[in-house]
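Raw contents of data07.txt, compact mmCIF, C-alpha atoms:
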```txt
# COMPACT_ATOMS: atom_id res chain seq x y z
CA MET A 57 4.62 -41.04 127.84
CA LYS A 58 2.72 -39.01 125.23
CA THR A 59 0.47 -41.98 124.48
CA VAL A 60 -0.19 -42.59 128.17
CA CYS A 61 -1.12 -38.94 128.59
CA LYS A 62 -3.54 -39.11 125.62
CA PHE A 63 -5.21 -42.20 127.03
CA ALA A 64 -5.48 -40.63 130.46
CA THR A 65 -7.11 -37.50 128.99
CA LEU A 66 -9.54 -39.56 126.93
CA THR A 67 -10.45 -41.74 129.92
CA LEU A 68 -11.01 -38.73 132.17
CA MET A 69 -13.28 -37.04 129.64
CA MET A 70 -15.32 -40.21 129.14
CA LEU A 71 -15.64 -40.61 132.89
CA ALA A 72 -16.80 -37.02 133.32
CA ILE A 73 -19.44 -37.36 130.62
CA ALA A 74 -20.60 -40.72 131.91
CA VAL A 75 -20.94 -39.41 135.46
CA CYS A 76 -22.98 -36.51 134.12
CA SER A 77 -25.22 -38.96 132.24
CA PHE A 78 -25.93 -41.22 135.15
CA ALA A 79 -26.31 -38.47 137.72
CA GLN A 80 -29.03 -36.71 135.76
CA LYS A 81 -32.60 -37.02 137.03
CA ASN A 82 -35.04 -38.07 134.38
CA THR A 83 -37.93 -36.10 135.75
CA ALA A 84 -37.46 -33.07 137.91
CA PRO A 85 -39.80 -32.49 140.83
CA ARG A 86 -42.15 -29.63 140.37
CA PRO A 87 -40.86 -26.27 141.57
CA GLU A 88 -41.87 -25.44 145.11
CA THR A 89 -43.91 -22.48 143.91
CA THR A 90 -46.43 -24.77 142.23
CA THR A 91 -49.37 -25.74 144.41
CA GLN A 92 -49.02 -29.44 144.91
CA ASN A 93 -50.06 -32.28 147.14
CA LEU A 94 -47.82 -33.27 150.04
CA VAL A 95 -49.88 -36.42 150.45
CA ARG A 96 -52.73 -38.05 148.53
CA GLY A 97 -55.85 -36.12 149.47
CA VAL A 98 -59.50 -37.13 149.40
CA ILE A 99 -60.65 -38.27 145.97
CA GLY A 100 -64.15 -39.03 144.74
CA PRO A 101 -67.39 -38.41 146.65
CA ALA A 102 -66.61 -37.09 150.10
CA GLY A 103 -69.55 -38.29 152.23
CA THR A 104 -70.69 -36.42 155.32
CA ASN A 105 -70.65 -36.59 159.15
CA SER A 106 -72.63 -34.15 161.28
CA SER A 107 -72.93 -32.57 164.76
CA TRP A 108 -69.52 -31.57 166.07
CA ALA A 109 -70.11 -29.42 169.15
CA ASN A 110 -67.53 -30.25 171.85
CA TYR A 111 -65.50 -32.62 169.71
CA SER A 112 -61.81 -32.64 168.89
CA VAL A 113 -61.21 -33.77 165.34
CA PHE A 114 -57.86 -35.39 164.61
CA GLY A 115 -56.57 -35.70 161.05
CA LEU A 116 -53.51 -37.91 160.68
CA VAL A 117 -50.94 -37.03 158.04
CA PRO A 118 -48.77 -40.15 157.97
CA GLY A 119 -45.10 -39.67 157.23
CA SER A 120 -45.11 -42.94 155.33
CA ALA A 121 -47.45 -41.46 152.71
CA LEU A 122 -45.59 -38.20 152.06
CA PHE A 123 -44.63 -37.38 148.49
CA PRO A 124 -40.93 -36.65 148.22
CA ILE A 125 -41.00 -32.94 147.56
CA ALA A 126 -39.44 -30.12 149.52
CA SER A 127 -41.75 -27.64 151.19
CA SER A 128 -41.11 -25.31 154.10
CA THR A 129 -44.83 -24.80 154.68
CA THR A 130 -47.84 -27.05 155.11
CA VAL A 131 -51.37 -25.99 154.25
CA PHE A 132 -54.43 -27.86 155.54
CA TYR A 133 -57.80 -27.82 153.79
CA PHE A 134 -61.06 -28.63 155.59
CA GLY A 135 -64.28 -29.64 153.88
CA PHE A 136 -67.67 -28.65 155.29
CA THR A 137 -70.86 -30.28 154.07
CA ALA A 138 -73.47 -28.45 156.19
CA GLY A 139 -73.91 -25.56 158.58
CA THR A 140 -73.76 -21.79 158.62
CA GLU A 141 -70.95 -21.15 161.09
CA ALA A 142 -68.16 -23.28 162.50
CA ASP A 143 -66.62 -22.09 165.75
CA VAL A 144 -63.13 -23.33 166.51
CA SER A 145 -61.71 -22.95 170.03
CA ASN A 146 -58.20 -24.03 169.17
CA MET A 147 -56.18 -25.90 166.56
CA VAL A 148 -52.67 -27.30 166.50
CA VAL A 149 -50.47 -29.85 164.77
CA TYR A 150 -48.95 -32.52 166.95
CA THR A 151 -45.74 -34.11 165.72
CA THR A 152 -44.82 -37.64 166.78
CA THR A 153 -42.14 -39.96 165.55
CA ARG A 154 -43.59 -42.24 162.91
CA GLY A 155 -45.81 -44.89 164.48
CA SER A 156 -45.59 -43.38 167.96
CA LEU A 157 -48.34 -41.59 169.87
CA THR A 158 -45.94 -39.53 172.00
CA ILE A 159 -45.98 -35.87 171.07
CA THR A 160 -42.58 -34.38 170.24
CA ALA A 161 -43.73 -30.94 169.06
CA VAL A 162 -46.82 -28.78 169.04
CA THR A 163 -47.32 -26.22 166.27
CA PRO A 164 -50.18 -23.70 166.26
CA VAL A 165 -52.42 -23.55 163.18
CA THR A 166 -54.33 -20.42 162.26
CA LEU A 167 -57.02 -19.11 159.97
CA GLY A 168 -56.88 -15.41 159.27
CA GLY A 169 -54.13 -15.24 161.89
CA SER A 170 -56.29 -16.71 164.67
CA SER A 171 -56.20 -20.16 166.28
CA SER A 172 -59.83 -19.73 167.37
CA PRO A 173 -61.65 -18.55 164.24
CA SER A 174 -65.33 -18.49 163.51
CA ILE A 175 -65.75 -19.76 159.97
CA MET A 176 -68.74 -18.14 158.32
CA LEU A 177 -70.02 -20.89 156.06
CA SER A 178 -73.02 -18.82 155.03
CA ASN A 179 -70.76 -16.15 153.57
CA THR A 180 -70.32 -16.56 149.82
CA SER A 181 -66.77 -15.28 150.03
CA VAL A 182 -66.01 -18.31 152.24
CA CYS A 183 -68.34 -20.81 150.57
CA PRO A 184 -69.34 -19.73 147.05
CA VAL A 185 -71.96 -22.50 147.10
CA ALA A 186 -73.84 -23.53 150.27
CA PRO A 187 -72.02 -26.56 151.67
CA SER A 188 -73.45 -29.99 150.93
CA SER A 189 -72.17 -33.53 150.59
CA THR A 190 -72.12 -33.15 146.82
CA ALA A 191 -70.47 -29.71 146.88
CA PRO A 192 -68.35 -29.42 150.02
CA CYS A 193 -67.11 -26.00 151.04
CA ILE A 194 -63.33 -26.20 151.11
CA VAL A 195 -61.65 -23.92 153.64
CA ARG A 196 -57.92 -23.27 153.35
CA PHE A 197 -56.10 -22.59 156.63
CA ASP A 198 -53.11 -20.29 156.88
CA PRO A 199 -49.81 -21.85 155.80
CA THR A 200 -48.13 -23.48 158.78
CA SER A 201 -44.37 -23.16 159.00
CA LEU A 202 -43.74 -26.85 159.18
CA ALA A 203 -41.63 -28.98 156.86
CA LEU A 204 -43.13 -32.47 156.98
CA SER A 205 -40.76 -35.40 157.33
CA PRO A 206 -41.41 -39.04 156.41
CA ALA A 207 -39.79 -39.99 159.71
CA ASN A 208 -42.68 -38.38 161.61
CA ASP A 209 -46.46 -38.55 161.82
CA TYR A 210 -48.56 -35.42 162.17
CA TYR A 211 -51.96 -34.97 163.80
CA PHE A 212 -53.96 -31.89 162.87
CA ALA A 213 -56.18 -31.40 165.95
CA VAL A 214 -59.13 -29.01 165.87
CA TYR A 215 -61.40 -28.49 168.85
CA LEU A 216 -64.89 -27.35 167.88
CA THR A 217 -66.54 -25.21 170.55
CA ASN A 218 -69.46 -26.63 172.51
CA ASN A 219 -72.24 -24.53 170.95
CA SER A 220 -75.33 -24.72 168.79
CA ASN A 221 -73.53 -23.58 165.62
CA ASN A 222 -71.27 -26.58 165.77
CA SER A 223 -74.20 -28.89 166.48
CA ALA A 224 -75.45 -27.98 163.01
CA ILE A 225 -72.26 -28.35 161.04
CA ALA A 226 -71.10 -31.39 159.10
CA GLY A 227 -67.78 -32.34 157.63
CA THR A 228 -66.58 -34.48 154.78
CA GLN A 229 -66.25 -38.17 155.63
CA PRO A 230 -64.78 -40.20 152.76
CA GLY A 231 -64.84 -43.95 152.52
CA ASN A 232 -61.80 -46.14 152.89
CA ASN A 233 -59.08 -46.17 150.23
CA GLN A 234 -59.93 -42.67 149.04
CA THR A 235 -56.93 -40.98 150.60
CA SER A 236 -53.66 -41.54 152.42
CA LEU A 237 -54.97 -39.39 155.27
CA ALA A 238 -56.63 -40.97 158.30
CA GLY A 239 -58.50 -39.60 161.29
CA THR A 240 -60.40 -39.98 164.50
CA TYR A 241 -62.25 -37.78 167.00
CA PHE A 242 -62.70 -37.45 170.74
CA GLY A 243 -65.27 -35.76 172.98
CA SER A 244 -64.00 -32.52 174.67
CA ASP A 245 -60.86 -30.46 174.08
CA TYR A 246 -57.71 -32.38 173.12
CA SER A 247 -56.02 -29.48 171.40
CA ARG A 248 -54.08 -28.41 174.52
CA LEU A 249 -51.77 -31.42 174.81
CA THR A 250 -48.09 -30.72 175.34
CA THR A 251 -44.79 -32.28 174.36
CA GLY A 252 -44.31 -35.63 176.06
CA GLN A 253 -48.03 -36.38 176.34
CA SER A 254 -49.76 -38.93 174.13
CA ILE A 255 -52.29 -38.68 171.34
CA PRO A 256 -55.41 -40.07 173.08
CA GLY A 257 -56.06 -42.85 170.55
CA VAL A 258 -55.16 -44.26 167.18
CA ALA A 259 -56.48 -42.74 163.96
CA ASN A 260 -58.29 -45.76 162.60
CA ARG A 261 -60.98 -44.05 160.51
CA SER A 262 -61.03 -42.09 157.29
CA PRO A 263 -60.41 -38.40 158.02
CA THR A 264 -63.34 -36.20 158.95
CA PHE A 265 -63.09 -32.64 157.60
CA LEU A 266 -59.45 -32.89 156.50
CA MET A 267 -59.37 -33.19 152.71
CA TYR A 268 -56.02 -32.00 151.44
CA VAL A 269 -52.55 -31.29 152.73
CA MET A 270 -50.58 -29.19 150.30
CA ASN A 271 -47.55 -26.96 150.08
CA ASN A 272 -49.70 -23.93 149.38
CA MET B 242 -4.29 -38.14 109.75
CA LYS B 243 -3.85 -40.24 112.87
CA THR B 244 -4.55 -37.22 115.09
CA ILE B 245 -7.68 -36.32 113.12
CA PHE B 246 -8.90 -39.89 113.48
CA LYS B 247 -8.37 -39.74 117.25
CA PHE B 248 -10.27 -36.47 117.53
CA ALA B 249 -13.12 -37.80 115.43
CA THR B 250 -13.40 -40.89 117.62
CA LEU B 251 -13.37 -38.83 120.78
CA THR B 252 -16.00 -36.41 119.42
CA LEU B 253 -18.27 -39.26 118.37
CA MET B 254 -18.07 -40.91 121.77
CA MET B 255 -18.82 -37.63 123.55
CA PHE B 256 -21.75 -37.01 121.24
CA ALA B 257 -23.17 -40.48 121.81
CA LEU B 258 -22.92 -40.20 125.58
CA SER B 259 -24.41 -36.70 125.64
CA ALA B 260 -27.27 -37.70 123.37
CA TYR B 261 -28.04 -40.60 125.67
CA SER B 262 -28.05 -38.26 128.67
CA PHE B 263 -30.46 -35.76 127.19
CA SER B 264 -32.81 -38.20 125.50
CA ALA B 265 -33.47 -40.32 128.57
CA SER B 266 -37.08 -39.74 129.61
CA LYS B 267 -38.42 -42.12 132.20
CA ALA B 268 -42.11 -42.96 132.11
CA GLU B 269 -43.56 -42.07 135.49
CA ASN B 270 -47.00 -42.15 137.07
CA LEU B 271 -48.89 -38.90 137.47
CA GLU B 272 -51.52 -40.69 139.54
CA ARG B 273 -51.67 -43.98 141.36
CA GLY B 274 -53.00 -46.26 138.65
CA VAL B 275 -54.90 -49.51 138.69
CA THR B 276 -53.23 -52.20 140.78
CA GLY B 277 -53.81 -55.90 141.00
CA PRO B 278 -55.90 -58.12 138.73
CA VAL B 279 -58.70 -56.58 136.72
CA GLY B 280 -62.25 -57.68 136.09
CA ASN B 281 -64.23 -57.39 132.90
CA ASN B 282 -67.22 -55.38 131.73
CA THR B 283 -68.62 -56.04 128.26
CA SER B 284 -70.81 -54.54 125.53
CA TRP B 285 -70.08 -50.83 125.15
CA SER B 286 -71.83 -49.83 121.95
CA GLY B 287 -73.48 -46.44 122.48
CA TYR B 288 -71.91 -45.79 125.87
CA SER B 289 -69.50 -43.16 127.12
CA THR B 290 -66.98 -43.99 129.79
CA VAL B 291 -66.11 -41.05 132.04
CA SER B 292 -63.00 -41.36 134.19
CA LEU B 293 -62.02 -38.96 136.94
CA ILE B 294 -58.37 -37.99 137.38
CA PRO B 295 -58.54 -36.12 140.70
CA GLY B 296 -56.18 -33.25 141.43
CA ALA B 297 -56.03 -34.47 145.02
CA GLY B 298 -54.33 -37.64 143.83
CA LEU B 299 -51.66 -36.05 141.66
CA ILE B 300 -48.10 -37.09 142.32
CA PRO B 301 -45.94 -33.96 142.25
CA ILE B 302 -43.62 -34.39 139.30
CA THR B 303 -43.05 -32.07 136.39
CA SER B 304 -44.60 -33.09 133.10
CA THR B 305 -45.70 -31.09 130.10
CA THR B 306 -47.65 -34.00 128.68
CA THR B 307 -50.21 -36.44 129.99
CA VAL B 308 -50.55 -39.93 128.59
CA PHE B 309 -53.61 -42.11 129.16
CA TYR B 310 -53.54 -45.89 128.99
CA ILE B 311 -56.78 -47.75 128.40
CA GLY B 312 -57.34 -51.47 128.91
CA PHE B 313 -59.38 -53.98 126.94
CA THR B 314 -60.25 -57.49 128.06
CA ALA B 315 -62.26 -58.79 125.08
CA GLY B 316 -63.14 -58.05 121.48
CA ALA B 317 -61.52 -57.77 118.08
CA GLU B 318 -62.02 -54.08 117.32
CA ALA B 319 -63.02 -51.05 119.36
CA ASP B 320 -64.63 -48.19 117.45
CA ILE B 321 -64.39 -44.83 119.16
CA THR B 322 -66.41 -41.87 117.96
CA ASN B 323 -64.71 -39.23 120.08
CA MET B 324 -62.38 -38.74 123.07
CA VAL B 325 -61.84 -35.59 125.13
CA LEU B 326 -60.51 -34.49 128.47
CA TYR B 327 -62.61 -32.10 130.53
CA THR B 328 -60.99 -29.82 133.11
CA THR B 329 -62.90 -28.49 136.14
CA ALA B 330 -61.81 -26.68 139.29
CA ARG B 331 -61.13 -29.20 142.04
CA GLY B 332 -64.43 -30.47 143.44
CA SER B 333 -66.50 -28.53 140.88
CA SER B 334 -68.52 -30.02 138.04
CA THR B 335 -68.32 -26.95 135.78
CA ILE B 336 -66.11 -27.52 132.76
CA THR B 337 -63.40 -24.90 132.31
CA ALA B 338 -61.54 -26.47 129.39
CA VAL B 339 -61.97 -29.22 126.82
CA THR B 340 -58.87 -30.88 125.37
CA PRO B 341 -59.03 -33.37 122.51
CA VAL B 342 -57.43 -36.75 123.11
CA THR B 343 -56.14 -38.76 120.18
CA LEU B 344 -54.74 -42.10 119.13
CA GLY B 345 -52.62 -42.11 115.99
CA GLY B 346 -53.45 -38.44 115.61
CA ILE B 347 -57.23 -38.82 115.49
CA SER B 348 -59.99 -38.57 118.10
CA ASN B 349 -62.13 -41.27 116.47
CA PRO B 350 -59.79 -44.23 116.11
CA MET B 351 -60.63 -47.82 115.34
CA ILE B 352 -58.45 -49.94 117.63
CA ASP B 353 -57.56 -53.26 116.10
CA LEU B 354 -57.46 -55.50 119.16
CA ALA B 355 -56.81 -58.56 116.96
CA SER B 356 -53.51 -57.16 115.77
CA VAL B 357 -50.39 -58.34 117.59
CA THR B 358 -48.83 -54.95 117.06
CA VAL B 359 -51.64 -53.45 119.16
CA CYS B 360 -52.21 -56.33 121.57
CA PRO B 361 -49.09 -58.52 121.73
CA VAL B 362 -50.86 -61.30 123.63
CA ILE B 363 -53.76 -62.84 121.73
CA GLU B 364 -56.37 -63.61 122.91
CA ILE B 365 -56.93 -60.72 125.30
CA SER B 366 -58.66 -61.46 128.60
CA THR B 367 -58.76 -60.38 132.23
CA PHE B 368 -55.49 -62.27 132.64
CA ASN B 369 -53.95 -60.59 129.62
CA PRO B 370 -55.61 -57.23 129.17
CA CYS B 371 -54.55 -55.28 126.11
CA ILE B 372 -53.28 -51.91 127.27
CA VAL B 373 -53.40 -49.21 124.63
CA ARG B 374 -51.33 -46.06 125.01
CA LEU B 375 -53.13 -43.01 123.66
CA ASP B 376 -51.17 -40.13 122.15
CA PRO B 377 -49.52 -37.76 124.64
CA THR B 378 -51.88 -34.89 125.43
CA LYS B 379 -50.28 -31.47 125.77
CA LEU B 380 -51.64 -30.74 129.19
CA VAL B 381 -49.92 -29.99 132.50
CA LEU B 382 -52.10 -31.42 135.25
CA SER B 383 -52.67 -29.22 138.31
CA ALA B 384 -53.48 -30.33 141.85
CA LEU B 385 -56.08 -27.56 141.96
CA SER B 386 -58.12 -29.05 139.12
CA ASP B 387 -59.96 -32.27 138.41
CA TYR B 388 -59.92 -33.94 135.00
CA TYR B 389 -62.43 -36.21 133.30
CA LEU B 390 -61.47 -38.44 130.38
CA ALA B 391 -64.58 -39.11 128.28
CA VAL B 392 -64.59 -41.77 125.56
CA PHE B 393 -67.65 -42.50 123.44
CA PHE B 394 -67.87 -45.94 121.89
CA THR B 395 -69.73 -45.76 118.61
CA ALA B 396 -73.42 -46.66 118.83
CA SER B 397 -75.14 -49.43 116.87
CA ASP B 398 -71.77 -51.00 116.29
CA ALA B 399 -71.36 -54.77 116.40
CA ASN B 400 -67.67 -54.49 117.19
CA ASN B 401 -68.34 -52.48 120.32
CA ASN B 402 -71.01 -54.93 121.44
CA SER B 403 -68.26 -57.53 121.71
CA ILE B 404 -65.57 -55.57 123.47
CA GLY B 405 -64.74 -55.82 127.15
CA LEU B 406 -63.14 -53.08 129.21
CA THR B 407 -61.00 -53.48 132.29
CA ALA B 408 -62.84 -53.02 135.59
CA PRO B 409 -60.45 -52.99 138.57
CA GLN B 410 -61.24 -55.29 141.46
CA PHE B 411 -59.22 -53.52 144.14
CA GLN B 412 -60.22 -50.02 145.20
CA GLN B 413 -56.65 -48.87 145.43
CA SER B 414 -56.23 -46.55 142.49
CA SER B 415 -56.61 -42.78 142.77
CA LEU B 416 -58.61 -42.93 139.56
CA ARG B 417 -62.38 -43.10 139.60
CA GLY B 418 -64.91 -43.73 136.87
CA THR B 419 -68.37 -44.46 135.62
CA TYR B 420 -70.31 -44.70 132.37
CA ILE B 421 -73.41 -43.26 130.78
CA SER B 422 -75.55 -44.08 127.77
CA GLY B 423 -75.05 -41.72 124.83
CA ASP B 424 -72.31 -39.39 123.68
CA GLU B 425 -71.00 -37.31 126.59
CA THR B 426 -67.88 -36.19 124.74
CA ARG B 427 -69.46 -33.08 123.22
CA LEU B 428 -69.83 -30.99 126.36
CA THR B 429 -68.43 -27.48 126.12
CA VAL B 430 -66.82 -24.97 128.48
CA GLY B 431 -69.39 -23.78 131.02
CA ALA B 432 -71.41 -26.98 130.85
CA ALA B 433 -71.41 -29.40 133.78
CA ILE B 434 -70.28 -32.97 134.22
CA PRO B 435 -73.68 -34.73 134.52
CA SER B 436 -74.76 -34.73 138.18
CA THR B 437 -76.21 -38.20 137.75
CA LEU B 438 -72.73 -39.64 137.42
CA SER B 439 -71.19 -41.14 140.53
CA PHE B 440 -67.45 -41.51 140.80
CA SER B 441 -67.43 -43.84 143.77
CA ASN B 442 -66.04 -46.74 141.74
CA GLN B 443 -62.81 -47.48 139.93
CA PRO B 444 -62.66 -46.50 136.26
CA TYR B 445 -63.67 -48.61 133.31
CA SER B 446 -60.84 -48.96 130.82
CA LEU B 447 -58.60 -46.17 132.14
CA MET B 448 -55.69 -47.90 133.83
CA TYR B 449 -52.81 -45.46 134.04
CA VAL B 450 -52.12 -41.75 133.73
CA MET B 451 -48.44 -41.11 133.11
CA ASN B 452 -46.02 -38.52 131.81
CA ASN B 453 -45.05 -40.73 128.89
```
Can I see the file as structure tokens?
Amino acid sequence: MKTVCKFATLTLMMLAIAVCSFAQKNTAPRPETTTQNLVRGVIGPAGTNSSWANYSVFGLVPGSALFPIASSTTVFYFGFTAGTEADVSNMVVYTTTRGSLTITAVTPVTLGGSSSPSIMLSNTSVCPVAPSSTAPCIVRFDPTSLALSPANDYYFAVYLTNNSNNSAIAGTQPGNNQTSLAGTYFGSDYSRLTTGQSIPGVANRSPTFLMYVMNN
Amino acid sequence: MKTIFKFATLTLMMFALSAYSFSASKAENLERGVTGPVGNNTSWSGYSTVSLIPGAGLIPITSTTTVFYIGFTAGAEADITNMVLYTTARGSSTITAVTPVTLGGISNPMIDLASVTVCPVIEISTFNPCIVRLDPTKLVLSALSDYYLAVFFTASDANNNSIGLTAPQFQQSSLRGTYISGDETRLTVGAAIPSTLSFSNQPYSLMYVMNN
């Protein structure tokens, strides 16, 4: 009985240690406090695309490209390559199930607390260097309380007001294979769609304006 | 005596298992590296390769070190005069830090591509590129920065005239790169990555950026 007990103890200890060994992760994900990519952003030269008055710009954040990190917030970054002022009428994130165009949720996006900001590109506190295709001005929107899921797709929709300021602005337009993000655009305001409606078309281009999607 | 022997055996086994647990360190990508077959670009004497490791392409894992892997497709010996890593803010060309990069502890190594300990498959080619792992660099990459690996291949050097570097065929890596005549590895903090350089292509030589 004593021998059986000794063997049982030894076996249990070995099992406990072995379980600990195999359960351990080799590389821990970065802590959530670190600013990190939720998806591969735009790399290399960004290109440019101009004249955006009365257009709705859609940036697709595909669930299939999400990095596996936990984040309760999502932060979008836009790149401007020309202009002095960008006037936004409204901006939202549409959630769909992955591969579907049917909207399942609509989440407001803000800049400075407003969903209809005027972005002063000529202000050096916004753009330290005047925007150009070689030195895009990167604008960080307010963190959106949205935890991205690989089971969904997300469309960041921004409607640019029909005015002369927006006729003079330009956004980054990368080539193919430079990012996991995609995009498209439509004439007139498509930022007021509601749950159950459809995204008006597929995002089959590289993303205009949208450069990064991060946790901070 | 028997009891002591049992305890010793048990302790040794526990130690072995624990050591295995703590020493395991899996090599993981920090960026999406070069995929698919590579092409070849030859004759590098007097040229600097400059490879962009974009913050926007960083995969979010924790790593205190960064390891670069460079690929060769031809040649018997590569003579490097200097290797550094430049850090800039994301999207900026102004250098904020310069970090030496080494192989075998030195920044000016001679890489013996004819040695089977360096390149196990002889003769190296586009089908069998020789991939050389540089020393781990003590640098934690940030998604808010961009990084440029600059390597200057010694000028007026017959060895370097004969070497070939990998040149990816598929534009699927997050890495970008270019080259320039002359030594671009001596730039200092505050200087700029030359504006004449375009990073619209895949990198020459740099194949992978990993944590180990």
Could you check which of B:Asn402, B:Thr407, B:Thr328, B:Thr314 is closest to Pro444 (chain B), using all atoms listed in the file? B:Thr407
In Å, rounded to a single decimal, give me how far CA of Asn281 (chain B) is from CA of Thr395 (chain B).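 For CA of Thr395 (chain B) relative to CA of Asn281 (chain B), the distance reads 19.2 Å.
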Exercise: residues within 9 Å of coordinate (-76.1, -42.3, 124.6), counting all atoms listed in the file, as a list in words: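 Protein, DNA and RNA residues close to (-76.1, -42.3, 124.6): Gly287, Tyr288, Ser289, Phe393, Ala396, Ile421, Ser422, Gly423, Asp424 and Glu425 of chain B.
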Select, counting only C-alpha atoms, all protein, DNA and RNA residues no farther than 9 Å from (-65.6, -24.3, 128.5) in file coordinates, and express the selection as an MDAnalysis selection string. chainID B and resid 327:328 335:339 428:432
Selected residue of minimal separation from Thr160 (chain A) among A:Val269, A:Ile255, A:Ala238, A:Val95, counting only C-alpha atoms: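 Under the stated criterion, the closest residue is A:Ile255.
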Kindly give the distance, in Å, that separates CA of Ser174 (chain A) and CA of Glu141 (chain A), rounded to a single decimal.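 These two atoms are separated by 6.7 Å.
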Nearest to chain B among A:Pro184, A:Gly239, A:Pro192, A:Gly169, with distances taken over all atoms listed in the file: which residue is it?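 Residue with the minimum atom-to-atom distance to chain B: A:Pro192.
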